[in-house]
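Colleague: So here's input02.tsv (TSV, N, CA and C atoms and all ligand atoms).
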chain	number	residue	atom	x	y	z
A	694	MET	N	188.84	190.53	161.29
A	694	MET	CA	188.02	191.20	160.26
A	694	MET	C	187.52	192.54	160.81
A	695	THR	N	187.55	193.59	159.99
A	695	THR	CA	187.05	194.89	160.47
A	695	THR	C	185.53	194.85	160.56
A	696	ALA	N	184.96	195.81	161.31
A	696	ALA	CA	183.49	195.86	161.46
A	696	ALA	C	182.82	196.02	160.10
A	697	ALA	N	183.44	196.84	159.22
A	697	ALA	CA	182.83	197.08	157.90
A	697	ALA	C	182.78	195.79	157.10
A	698	LYS	N	183.92	195.06	157.09
A	698	LYS	CA	183.98	193.81	156.32
A	698	LYS	C	182.97	192.81	156.88
A	699	GLN	N	182.92	192.75	158.23
A	699	GLN	CA	182.03	191.80	158.87
A	699	GLN	C	180.57	192.11	158.57
A	700	SER	N	180.20	193.39	158.64
A	700	SER	CA	178.78	193.70	158.44
A	700	SER	C	178.37	193.46	156.99
A	701	ILE	N	179.27	193.74	156.05
A	701	ILE	CA	178.92	193.48	154.64
A	701	ILE	C	178.81	191.97	154.41
A	702	THR	N	179.75	191.23	154.98
A	702	THR	CA	179.69	189.76	154.83
A	702	THR	C	178.42	189.21	155.46
A	703	GLU	N	178.08	189.70	156.65
A	703	GLU	CA	176.88	189.20	157.33
A	703	GLU	C	175.62	189.56	156.53
A	704	LEU	N	175.59	190.77	156.00
A	704	LEU	CA	174.41	191.18	155.22
A	704	LEU	C	174.30	190.33	153.96
A	705	TYR	N	175.46	190.09	153.29
A	705	TYR	CA	175.46	189.25	152.08
A	705	TYR	C	174.91	187.85	152.43
A	706	ASP	N	175.41	187.29	153.55
A	706	ASP	CA	174.96	185.95	153.95
A	706	ASP	C	173.46	185.93	154.26
A	707	LEU	N	172.98	187.00	154.91
A	707	LEU	CA	171.54	187.07	155.24
A	707	LEU	C	170.70	187.14	153.95
A	708	ILE	N	171.18	187.96	153.00
A	708	ILE	CA	170.47	188.09	151.73
A	708	ILE	C	170.45	186.73	151.01
A	709	GLN	N	171.60	186.05	151.05
A	709	GLN	CA	171.69	184.74	150.41
A	709	GLN	C	170.72	183.75	151.08
A	710	SER	N	170.59	183.85	152.40
A	710	SER	CA	169.67	182.94	153.09
A	710	SER	C	168.22	183.27	152.75
A	711	ARG	N	167.93	184.56	152.48
A	711	ARG	CA	166.57	184.93	152.05
A	711	ARG	C	166.25	184.28	150.69
A	712	LYS	N	167.28	184.12	149.88
A	712	LYS	CA	167.08	183.50	148.55
A	712	LYS	C	166.84	181.98	148.70
A	713	SER	N	167.64	181.35	149.57
A	713	SER	CA	167.51	179.89	149.71
A	713	SER	C	166.33	179.49	150.60
A	714	GLN	N	166.03	180.37	151.60
A	714	GLN	CA	164.89	180.08	152.48
A	714	GLN	C	164.02	181.33	152.57
A	715	PRO	N	163.14	181.54	151.59
A	715	PRO	CA	162.34	182.77	151.54
A	715	PRO	C	161.53	183.00	152.81
A	716	VAL	N	161.51	184.26	153.25
A	716	VAL	CA	160.75	184.64	154.45
A	716	VAL	C	159.65	185.58	153.97
A	717	SER	N	158.42	185.14	154.13
A	717	SER	CA	157.31	185.94	153.61
A	717	SER	C	157.23	187.28	154.34
A	718	GLY	N	157.01	188.35	153.56
A	718	GLY	CA	156.94	189.69	154.14
A	718	GLY	C	158.30	190.37	154.16
A	719	SER	N	159.35	189.63	153.83
A	719	SER	CA	160.70	190.22	153.81
A	719	SER	C	160.87	191.01	152.50
A	720	TYR	N	161.49	192.21	152.63
A	720	TYR	CA	161.70	193.05	151.44
A	720	TYR	C	162.64	192.35	150.45
A	721	THR	N	163.64	191.65	150.99
A	721	THR	CA	164.60	190.94	150.14
A	721	THR	C	163.88	189.86	149.33
A	722	ASP	N	162.98	189.16	150.01
A	722	ASP	CA	162.21	188.12	149.32
A	722	ASP	C	161.33	188.75	148.22
A	723	TYR	N	160.77	189.92	148.55
A	723	TYR	CA	159.96	190.64	147.56
A	723	TYR	C	160.78	190.93	146.30
A	724	LEU	N	162.04	191.39	146.50
A	724	LEU	CA	162.90	191.69	145.35
A	724	LEU	C	163.22	190.44	144.54
A	725	PHE	N	163.57	189.35	145.24
A	725	PHE	CA	163.89	188.11	144.52
A	725	PHE	C	162.66	187.57	143.77
A	726	THR	N	161.49	187.73	144.37
A	726	THR	CA	160.26	187.24	143.72
A	726	THR	C	159.99	188.05	142.46
A	727	LYS	N	160.23	189.37	142.54
A	727	LYS	CA	160.01	190.23	141.36
A	727	LYS	C	161.04	189.94	140.26
A	728	GLY	N	162.26	189.60	140.67
A	728	GLY	CA	163.26	189.19	139.69
A	728	GLY	C	164.29	190.24	139.30
A	729	LEU	N	165.15	189.83	138.34
A	729	LEU	CA	166.31	190.63	137.97
A	729	LEU	C	165.96	192.05	137.53
A	730	ASP	N	164.94	192.20	136.68
A	730	ASP	CA	164.62	193.55	136.18
A	730	ASP	C	164.26	194.51	137.31
A	731	LYS	N	163.50	194.01	138.29
A	731	LYS	CA	163.12	194.86	139.44
A	731	LYS	C	164.36	195.24	140.25
A	732	ILE	N	165.26	194.27	140.45
A	732	ILE	CA	166.49	194.53	141.22
A	732	ILE	C	167.34	195.57	140.48
A	733	LEU	N	167.43	195.42	139.16
A	733	LEU	CA	168.21	196.38	138.36
A	733	LEU	C	167.60	197.77	138.44
A	734	LYS	N	166.27	197.85	138.44
A	734	LYS	CA	165.58	199.14	138.54
A	734	LYS	C	165.93	199.79	139.89
A	735	LYS	N	165.92	198.98	140.95
A	735	LYS	CA	166.25	199.53	142.28
A	735	LYS	C	167.71	200.00	142.31
A	736	VAL	N	168.62	199.22	141.72
A	736	VAL	CA	170.03	199.62	141.71
A	736	VAL	C	170.18	200.95	140.95
A	737	GLY	N	169.45	201.08	139.85
A	737	GLY	CA	169.48	202.33	139.08
A	737	GLY	C	168.96	203.51	139.91
A	738	GLU	N	167.83	203.31	140.56
A	738	GLU	CA	167.23	204.39	141.38
A	738	GLU	C	168.16	204.78	142.52
A	739	GLU	N	168.69	203.74	143.19
A	739	GLU	CA	169.54	204.03	144.36
A	739	GLU	C	170.85	204.71	143.91
A	740	SER	N	171.36	204.35	142.74
A	740	SER	CA	172.58	205.00	142.23
A	740	SER	C	172.32	206.48	142.01
A	741	THR	N	171.16	206.78	141.43
A	741	THR	CA	170.81	208.18	141.19
A	741	THR	C	170.71	208.93	142.51
A	742	GLU	N	170.11	208.27	143.51
A	742	GLU	CA	169.97	208.92	144.82
A	742	GLU	C	171.33	209.19	145.46
A	743	VAL	N	172.29	208.29	145.24
A	743	VAL	CA	173.65	208.51	145.76
A	743	VAL	C	174.25	209.74	145.08
A	744	ILE	N	174.07	209.85	143.77
A	744	ILE	CA	174.63	210.98	143.03
A	744	ILE	C	174.05	212.30	143.54
A	745	VAL	N	172.73	212.32	143.74
A	745	VAL	CA	172.07	213.54	144.22
A	745	VAL	C	172.57	213.88	145.63
A	746	ALA	N	172.63	212.86	146.51
A	746	ALA	CA	173.03	213.11	147.90
A	746	ALA	C	174.50	213.55	147.99
A	747	ALA	N	175.33	213.08	147.06
A	747	ALA	CA	176.75	213.43	147.10
A	747	ALA	C	176.98	214.92	146.85
A	748	LYS	N	176.02	215.56	146.20
A	748	LYS	CA	176.15	216.99	145.90
A	748	LYS	C	175.69	217.85	147.07
A	749	ASN	N	175.15	217.19	148.10
A	749	ASN	CA	174.60	217.90	149.26
A	749	ASN	C	175.58	217.74	150.42
A	750	PRO	N	175.85	218.82	151.18
A	750	PRO	CA	176.82	218.68	152.28
A	750	PRO	C	176.35	217.82	153.46
A	751	ASP	N	175.10	217.37	153.43
A	751	ASP	CA	174.57	216.56	154.53
A	751	ASP	C	175.14	215.13	154.47
A	752	ASP	N	176.13	214.86	155.34
A	752	ASP	CA	176.78	213.54	155.32
A	752	ASP	C	175.80	212.42	155.66
A	753	ALA	N	174.88	212.68	156.60
A	753	ALA	CA	173.95	211.62	157.04
A	753	ALA	C	173.10	211.13	155.87
A	754	ALA	N	172.63	212.04	155.06
A	754	ALA	CA	171.79	211.67	153.91
A	754	ALA	C	172.62	210.87	152.90
A	755	PHE	N	173.87	211.29	152.70
A	755	PHE	CA	174.75	210.60	151.75
A	755	PHE	C	175.03	209.17	152.24
A	756	ILE	N	175.33	209.05	153.53
A	756	ILE	CA	175.62	207.72	154.11
A	756	ILE	C	174.41	206.80	153.94
A	757	LEU	N	173.23	207.35	154.20
A	757	LEU	CA	171.99	206.56	154.07
A	757	LEU	C	171.82	206.04	152.63
A	758	GLU	N	172.09	206.91	151.67
A	758	GLU	CA	171.91	206.50	150.27
A	758	GLU	C	172.98	205.49	149.84
A	759	VAL	N	174.21	205.65	150.33
A	759	VAL	CA	175.26	204.67	149.99
A	759	VAL	C	174.90	203.31	150.60
A	760	ALA	N	174.34	203.34	151.82
A	760	ALA	CA	173.93	202.08	152.47
A	760	ALA	C	172.81	201.42	151.66
A	761	ASP	N	171.84	202.21	151.21
A	761	ASP	CA	170.74	201.66	150.38
A	761	ASP	C	171.30	201.03	149.10
A	762	LEU	N	172.24	201.74	148.46
A	762	LEU	CA	172.82	201.22	147.21
A	762	LEU	C	173.61	199.94	147.49
A	763	THR	N	174.38	199.94	148.58
A	763	THR	CA	175.17	198.75	148.94
A	763	THR	C	174.26	197.55	149.10
A	764	TYR	N	173.18	197.73	149.85
A	764	TYR	CA	172.23	196.63	150.06
A	764	TYR	C	171.70	196.12	148.71
A	765	HIS	N	171.27	197.03	147.84
A	765	HIS	CA	170.68	196.59	146.58
A	765	HIS	C	171.71	195.94	145.64
A	766	VAL	N	172.97	196.41	145.70
A	766	VAL	CA	174.02	195.76	144.90
A	766	VAL	C	174.29	194.34	145.43
A	767	LEU	N	174.24	194.19	146.75
A	767	LEU	CA	174.43	192.84	147.32
A	767	LEU	C	173.29	191.91	146.88
A	768	VAL	N	172.07	192.45	146.85
A	768	VAL	CA	170.93	191.63	146.37
A	768	VAL	C	171.18	191.24	144.90
A	769	LEU	N	171.66	192.18	144.11
A	769	LEU	CA	171.95	191.89	142.70
A	769	LEU	C	173.03	190.82	142.57
A	770	MET	N	174.07	190.92	143.39
A	770	MET	CA	175.14	189.91	143.34
A	770	MET	C	174.60	188.53	143.67
A	771	VAL	N	173.76	188.45	144.71
A	771	VAL	CA	173.19	187.14	145.08
A	771	VAL	C	172.31	186.63	143.94
A	772	GLU	N	171.51	187.51	143.36
A	772	GLU	CA	170.64	187.10	142.24
A	772	GLU	C	171.46	186.54	141.08
A	773	ARG	N	172.65	187.16	140.83
A	773	ARG	CA	173.51	186.71	139.73
A	773	ARG	C	174.46	185.58	140.14
A	774	GLY	N	174.42	185.23	141.44
A	774	GLY	CA	175.28	184.14	141.92
A	774	GLY	C	176.75	184.53	142.00
A	775	ILE	N	177.00	185.81	142.27
A	775	ILE	CA	178.38	186.30	142.39
A	775	ILE	C	178.70	186.50	143.87
A	776	SER	N	179.86	185.99	144.30
A	776	SER	CA	180.21	186.07	145.72
A	776	SER	C	181.06	187.31	146.00
A	777	LEU	N	181.14	187.66	147.28
A	777	LEU	CA	182.01	188.78	147.69
A	777	LEU	C	183.46	188.44	147.37
A	778	ASP	N	183.83	187.17	147.52
A	778	ASP	CA	185.21	186.76	147.22
A	778	ASP	C	185.56	187.00	145.75
A	779	GLN	N	184.60	186.80	144.87
A	779	GLN	CA	184.89	187.03	143.44
A	779	GLN	C	185.20	188.51	143.18
A	780	ILE	N	184.48	189.40	143.86
A	780	ILE	CA	184.75	190.84	143.71
A	780	ILE	C	186.11	191.17	144.34
A	781	ALA	N	186.34	190.59	145.53
A	781	ALA	CA	187.62	190.85	146.23
A	781	ALA	C	188.79	190.38	145.37
A	782	THR	N	188.63	189.22	144.72
A	782	THR	CA	189.71	188.69	143.87
A	782	THR	C	189.98	189.64	142.70
A	783	GLU	N	188.90	190.16	142.09
A	783	GLU	CA	189.06	191.09	140.97
A	783	GLU	C	189.78	192.36	141.44
A	784	LEU	N	189.37	192.89	142.60
A	784	LEU	CA	190.00	194.11	143.11
A	784	LEU	C	191.47	193.86	143.44
A	785	ALA	N	191.74	192.70	144.06
A	785	ALA	CA	193.13	192.38	144.43
A	785	ALA	C	194.00	192.24	143.20
A	786	SER	N	193.41	191.71	142.11
A	786	SER	CA	194.21	191.50	140.89
A	786	SER	C	194.62	192.83	140.27
A	787	ARG	N	193.93	193.91	140.67
A	787	ARG	CA	194.27	195.22	140.10
A	787	ARG	C	195.42	195.88	140.81
A	788	GLU	N	195.72	195.42	142.04
A	788	GLU	CA	196.75	196.09	142.83
A	788	GLU	C	198.05	196.22	142.06
A	789	GLY	N	198.58	195.09	141.61
A	789	GLY	CA	199.82	195.12	140.86
A	789	GLY	C	199.66	195.83	139.52
A	790	LYS	N	198.50	195.53	138.89
A	790	LYS	CA	198.23	196.10	137.56
A	790	LYS	C	198.22	197.62	137.62
A	791	MET	N	197.56	198.18	138.65
A	791	MET	CA	197.43	199.63	138.77
A	791	MET	C	198.79	200.28	138.98
A	792	SER	N	199.63	199.66	139.85
A	792	SER	CA	200.93	200.30	140.07
A	792	SER	C	201.79	200.19	138.81
A	793	ARG	N	201.63	199.08	138.06
A	793	ARG	CA	202.38	198.96	136.79
A	793	ARG	C	201.93	200.03	135.80
A	794	LEU	N	200.60	200.30	135.76
A	794	LEU	CA	200.09	201.33	134.84
A	794	LEU	C	200.60	202.71	135.24
A	795	LYS	N	200.62	202.97	136.57
A	795	LYS	CA	201.12	204.26	137.05
A	795	LYS	C	202.59	204.44	136.66
A	796	GLU	N	203.39	203.37	136.85
A	796	GLU	CA	204.81	203.42	136.49
A	796	GLU	C	204.96	203.70	135.00
A	797	ARG	N	204.14	203.02	134.18
A	797	ARG	CA	204.22	203.21	132.73
A	797	ARG	C	203.88	204.65	132.37
A	798	ASP	N	202.83	205.22	133.05
A	798	ASP	CA	202.44	206.61	132.79
A	798	ASP	C	203.58	207.56	133.13
A	799	LYS	N	204.27	207.26	134.26
A	799	LYS	CA	205.38	208.13	134.69
A	799	LYS	C	206.47	208.10	133.63
A	800	ILE	N	206.80	206.90	133.14
A	800	ILE	CA	207.87	206.74	132.14
A	800	ILE	C	207.49	207.49	130.85
A	801	ASN	N	206.17	207.36	130.45
A	801	ASN	CA	205.74	207.99	129.21
A	801	ASN	C	205.76	209.51	129.28
A	802	LYS	N	205.70	210.07	130.53
A	802	LYS	CA	205.71	211.52	130.69
A	802	LYS	C	207.04	212.12	130.29
A	803	TYR	N	208.10	211.33	130.52
A	803	TYR	CA	209.44	211.89	130.30
A	803	TYR	C	210.03	211.48	128.96
A	901	LIG	N1	169.76	196.85	154.36
A	901	LIG	C1	168.58	196.67	154.03
A	901	LIG	C2	167.87	197.64	153.25
A	901	LIG	N2	168.23	198.82	152.74
A	901	LIG	C3	167.16	199.29	152.10
A	901	LIG	N3	166.12	198.42	152.19
A	901	LIG	C4	164.75	198.56	151.71
A	901	LIG	O1	164.82	199.16	150.46
A	901	LIG	C5	163.62	199.85	150.23
A	901	LIG	C6	164.01	201.13	149.54
A	901	LIG	O2	163.04	202.06	149.70
A	901	LIG	P1	162.26	202.67	148.47
A	901	LIG	O3	161.37	203.73	149.02
A	901	LIG	O4	163.24	203.01	147.39
A	901	LIG	O5	161.44	201.43	147.94
A	901	LIG	P2	159.98	200.96	148.32
A	901	LIG	O6	159.00	201.95	147.83
A	901	LIG	O7	159.90	200.56	149.78
A	901	LIG	O8	159.90	199.63	147.46
A	901	LIG	P3	159.78	199.46	145.89
A	901	LIG	O9	158.33	199.20	145.63
A	901	LIG	O10	160.33	200.66	145.17
A	901	LIG	O11	160.60	198.25	145.61
A	901	LIG	C7	162.94	200.07	151.59
A	901	LIG	O12	161.76	199.31	151.65
A	901	LIG	C8	163.97	199.54	152.57
A	901	LIG	O13	163.38	198.83	153.65
A	901	LIG	C9	166.53	197.36	152.89
A	901	LIG	N4	165.88	196.22	153.25
A	901	LIG	C10	166.56	195.32	153.99
A	901	LIG	N5	167.87	195.53	154.38
A	901	LIG	C11	168.56	194.54	155.24
A	901	LIG	O14	168.31	193.25	154.70
A	901	LIG	C12	168.12	192.35	155.78
A	901	LIG	C13	166.96	191.44	155.47
A	901	LIG	O15	165.81	192.22	155.35
A	901	LIG	P4	164.42	191.53	155.02
A	901	LIG	O16	164.61	190.75	153.81
A	901	LIG	O17	163.43	192.66	154.83
A	901	LIG	O18	164.08	190.68	156.19
A	901	LIG	C14	167.83	193.14	157.05
A	901	LIG	O19	168.84	192.82	157.97
A	901	LIG	C15	167.96	194.59	156.65
A	901	LIG	O20	168.88	195.19	157.49
Show me, as structure tokens, the structure contained in the file I just sent.
Modeller:
Amino acid sequence: MTAAKQSITELYDLIQSRKSQPVSGSYTDYLFTKGLDKILKKVGEESTEVIVAAKNPDDAAFILEVADLTYHVLVLMVERGISLDQIATELASREGKMSRLKERDKINKY
């Protein structure tokens, strides 16, 4: 497993454990206690921050905002009971579909 895959999986598992075994004072626990609307608000805010940072040449700021958004999306997935494997399966199912669509577009051009 690559470092990126491993760290996302580990973070997802940690977030999931915060849901099943709440740790008082934990930010993740705070989000789960507040509930879905609060998590959605954070995902919205963090998405906007990613958009703003992407327009700035400062890579460090952009990376920080993408990391914040990633964390909050993982919290949202755990809240909704969606696993990383379910997302991976959906992405994998597009592989063939996307190349078929590209082929169809090529054919339609001529
Ligand atoms: N990756 C993160 C992470 N990214 C961002 N954040 C928190 O997200 C918040 C975003 O900052 P904001 O200023 O937007 O929000 P805020 O004003 O602090 O809070 P709000 O009142 O707006 O909700 C900060 O408090 C960050 O600490 C995170 N909090 C936790 N994690 C990871 O989650 C794991 C579990 O953390 P705890 O649940 O806190 O133990 C740890 O390993 C952390 O690495």
Colleague: I'd like to know which residues of segment 740-780 of chain A are helix (DSSP H, G or I) (by DSSP, run on the backbone); could you write them as a compact mmCIF listing (two decimals) with N, CA and C atoms, in the coordinates of the input?
Modeller:
# COMPACT_ATOMS: atom_id res chain seq x y z
N SER A 740 171.36 204.35 142.74
CA SER A 740 172.58 205.00 142.23
C SER A 740 172.32 206.48 142.01
N THR A 741 171.16 206.78 141.43
CA THR A 741 170.81 208.18 141.19
C THR A 741 170.71 208.93 142.51
N GLU A 742 170.11 208.27 143.51
CA GLU A 742 169.97 208.92 144.82
C GLU A 742 171.33 209.19 145.46
N VAL A 743 172.29 208.29 145.24
CA VAL A 743 173.65 208.51 145.76
C VAL A 743 174.25 209.74 145.08
N ILE A 744 174.07 209.85 143.77
CA ILE A 744 174.63 210.98 143.03
C ILE A 744 174.05 212.30 143.54
N VAL A 745 172.73 212.32 143.74
CA VAL A 745 172.07 213.54 144.22
C VAL A 745 172.57 213.88 145.63
N ALA A 746 172.63 212.86 146.51
CA ALA A 746 173.03 213.11 147.90
C ALA A 746 174.50 213.55 147.99
N ALA A 747 175.33 213.08 147.06
CA ALA A 747 176.75 213.43 147.10
C ALA A 747 176.98 214.92 146.85
N ASP A 752 176.13 214.86 155.34
CA ASP A 752 176.78 213.54 155.32
C ASP A 752 175.80 212.42 155.66
N ALA A 753 174.88 212.68 156.60
CA ALA A 753 173.95 211.62 157.04
C ALA A 753 173.10 211.13 155.87
N ALA A 754 172.63 212.04 155.06
CA ALA A 754 171.79 211.67 153.91
C ALA A 754 172.62 210.87 152.90
N PHE A 755 173.87 211.29 152.70
CA PHE A 755 174.75 210.60 151.75
C PHE A 755 175.03 209.17 152.24
N ILE A 756 175.33 209.05 153.53
CA ILE A 756 175.62 207.72 154.11
C ILE A 756 174.41 206.80 153.94
N LEU A 757 173.23 207.35 154.20
CA LEU A 757 171.99 206.56 154.07
C LEU A 757 171.82 206.04 152.63
N GLU A 758 172.09 206.91 151.67
CA GLU A 758 171.91 206.50 150.27
C GLU A 758 172.98 205.49 149.84
N VAL A 759 174.21 205.65 150.33
CA VAL A 759 175.26 204.67 149.99
C VAL A 759 174.90 203.31 150.60
N ALA A 760 174.34 203.34 151.82
CA ALA A 760 173.93 202.08 152.47
C ALA A 760 172.81 201.42 151.66
N ASP A 761 171.84 202.21 151.21
CA ASP A 761 170.74 201.66 150.38
C ASP A 761 171.30 201.03 149.10
N LEU A 762 172.24 201.74 148.46
CA LEU A 762 172.82 201.22 147.21
C LEU A 762 173.61 199.94 147.49
N THR A 763 174.38 199.94 148.58
CA THR A 763 175.17 198.75 148.94
C THR A 763 174.26 197.55 149.10
N TYR A 764 173.18 197.73 149.85
CA TYR A 764 172.23 196.63 150.06
C TYR A 764 171.70 196.12 148.71
N HIS A 765 171.27 197.03 147.84
CA HIS A 765 170.68 196.59 146.58
C HIS A 765 171.71 195.94 145.64
N VAL A 766 172.97 196.41 145.70
CA VAL A 766 174.02 195.76 144.90
C VAL A 766 174.29 194.34 145.43
N LEU A 767 174.24 194.19 146.75
CA LEU A 767 174.43 192.84 147.32
C LEU A 767 173.29 191.91 146.88
N VAL A 768 172.07 192.45 146.85
CA VAL A 768 170.93 191.63 146.37
C VAL A 768 171.18 191.24 144.90
N LEU A 769 171.66 192.18 144.11
CA LEU A 769 171.95 191.89 142.70
C LEU A 769 173.03 190.82 142.57
N MET A 770 174.07 190.92 143.39
CA MET A 770 175.14 189.91 143.34
C MET A 770 174.60 188.53 143.67
N VAL A 771 173.76 188.45 144.71
CA VAL A 771 173.19 187.14 145.08
C VAL A 771 172.31 186.63 143.94
N GLU A 772 171.51 187.51 143.36
CA GLU A 772 170.64 187.10 142.24
C GLU A 772 171.46 186.54 141.08
N ARG A 773 172.65 187.16 140.83
CA ARG A 773 173.51 186.71 139.73
C ARG A 773 174.46 185.58 140.14
N LEU A 777 181.14 187.66 147.28
CA LEU A 777 182.01 188.78 147.69
C LEU A 777 183.46 188.44 147.37
N ASP A 778 183.83 187.17 147.52
CA ASP A 778 185.21 186.76 147.22
C ASP A 778 185.56 187.00 145.75
N GLN A 779 184.60 186.80 144.87
CA GLN A 779 184.89 187.03 143.44
C GLN A 779 185.20 188.51 143.18
N ILE A 780 184.48 189.40 143.86
CA ILE A 780 184.75 190.84 143.71
C ILE A 780 186.11 191.17 144.34
Colleague: Using only N, CA and C atoms and all ligand atoms, find each residue with an atom at most 5 Å away from ligand LIG 901 (chain A) and format the answer as a list of chain:residue names.
Modeller: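 Residues lying within 5 Å of ligand LIG 901 (chain A): A:Ser719, A:Tyr720, A:Thr721, A:Asp722, A:Asp761, A:Tyr764.
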Colleague: Could you please determine the separation between atom N of Leu762 of chain A and atom C of Val743 of chain A in Å, to one decimal place?
Modeller: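 We find that atom N of Leu762 of chain A and atom C of Val743 of chain A lie 8.9 Å from each other.
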Colleague: Within 7 Å of segment 729-733 of chain A, counting only N, CA and C atoms, which residues qualify if same-chain residues fewer than 6 places away don't, as number ranges by chain?
Modeller: A: 765, 768-769
Colleague: Store the residues picked out above in a file with N, CA and C atoms, as an mmCIF file, in the frame of the given file.
Modeller:
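That gives us result-v2.cif:
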data_model
loop_
_atom_site.group_PDB
_atom_site.id
_atom_site.type_symbol
_atom_site.label_atom_id
_atom_site.label_comp_id
_atom_site.auth_asym_id
_atom_site.auth_seq_id
_atom_site.Cartn_x
_atom_site.Cartn_y
_atom_site.Cartn_z
ATOM 1 N N HIS A 765 171.270 197.030 147.840
ATOM 2 C CA HIS A 765 170.680 196.590 146.580
ATOM 3 C C HIS A 765 171.710 195.940 145.640
ATOM 4 N N VAL A 768 172.070 192.450 146.850
ATOM 5 C CA VAL A 768 170.930 191.630 146.370
ATOM 6 C C VAL A 768 171.180 191.240 144.900
ATOM 7 N N LEU A 769 171.660 192.180 144.110
ATOM 8 C CA LEU A 769 171.950 191.890 142.700
ATOM 9 C C LEU A 769 173.030 190.820 142.570
#
Colleague: Extending 8 Å beyond the listed atoms of segment 772-779 of chain A on each side, what axis-aligned box results? I want centre and edge lengths in Å to one decimal, as AutoDock Vina command-line options.
Modeller:
--center_x 178.1 --center_y 186.5 --center_z 143.7 --size_x 30.9 --size_y 20.6 --size_z 24.0
Colleague: Can you measure atom C of Thr763 of chain A to atom CA of Lys698 of chain A for me? One decimal in Å is fine.
Modeller: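 Computing it gives 12.7 Å between the two atoms.
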Colleague: Excluding Glu758 of chain A and any residue of its chain fewer than 6 positions from it, enumerate the residues within 8 Å of it, using all atoms listed in the file, and give them as a list of chain:residue names.
Modeller: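 Final neighbour list, sorted by chain and number: A:Glu739, A:Ser740, A:Glu742, A:Val743, A:Ile744, A:Ala746, A:Asp752, A:Tyr764.
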Colleague: Please compute the atom N of Ser710 of chain A-atom CA of Gly728 of chain A distance, one decimal, in Å.
Modeller: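 Here the two named atoms are 15.6 Å from each other.
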Colleague: Neighbours of Thr702 of chain A within 10 Å (only C-alpha atoms; same-chain residues fewer than 5 positions away dropped), as a VMD selection string?
Modeller: chain A and resid 696 to 697 707 to 708 767 776 to 778
Colleague: Which neighbours of segment 780-788 of chain A fall inside 12 Å, counting only C-alpha atoms, when residues of the same chain fewer than 5 positions from it are skipped, and could you give them as a ChimeraX atom specification?
Modeller: /A:698,702,766-767,770,774-775,793-795
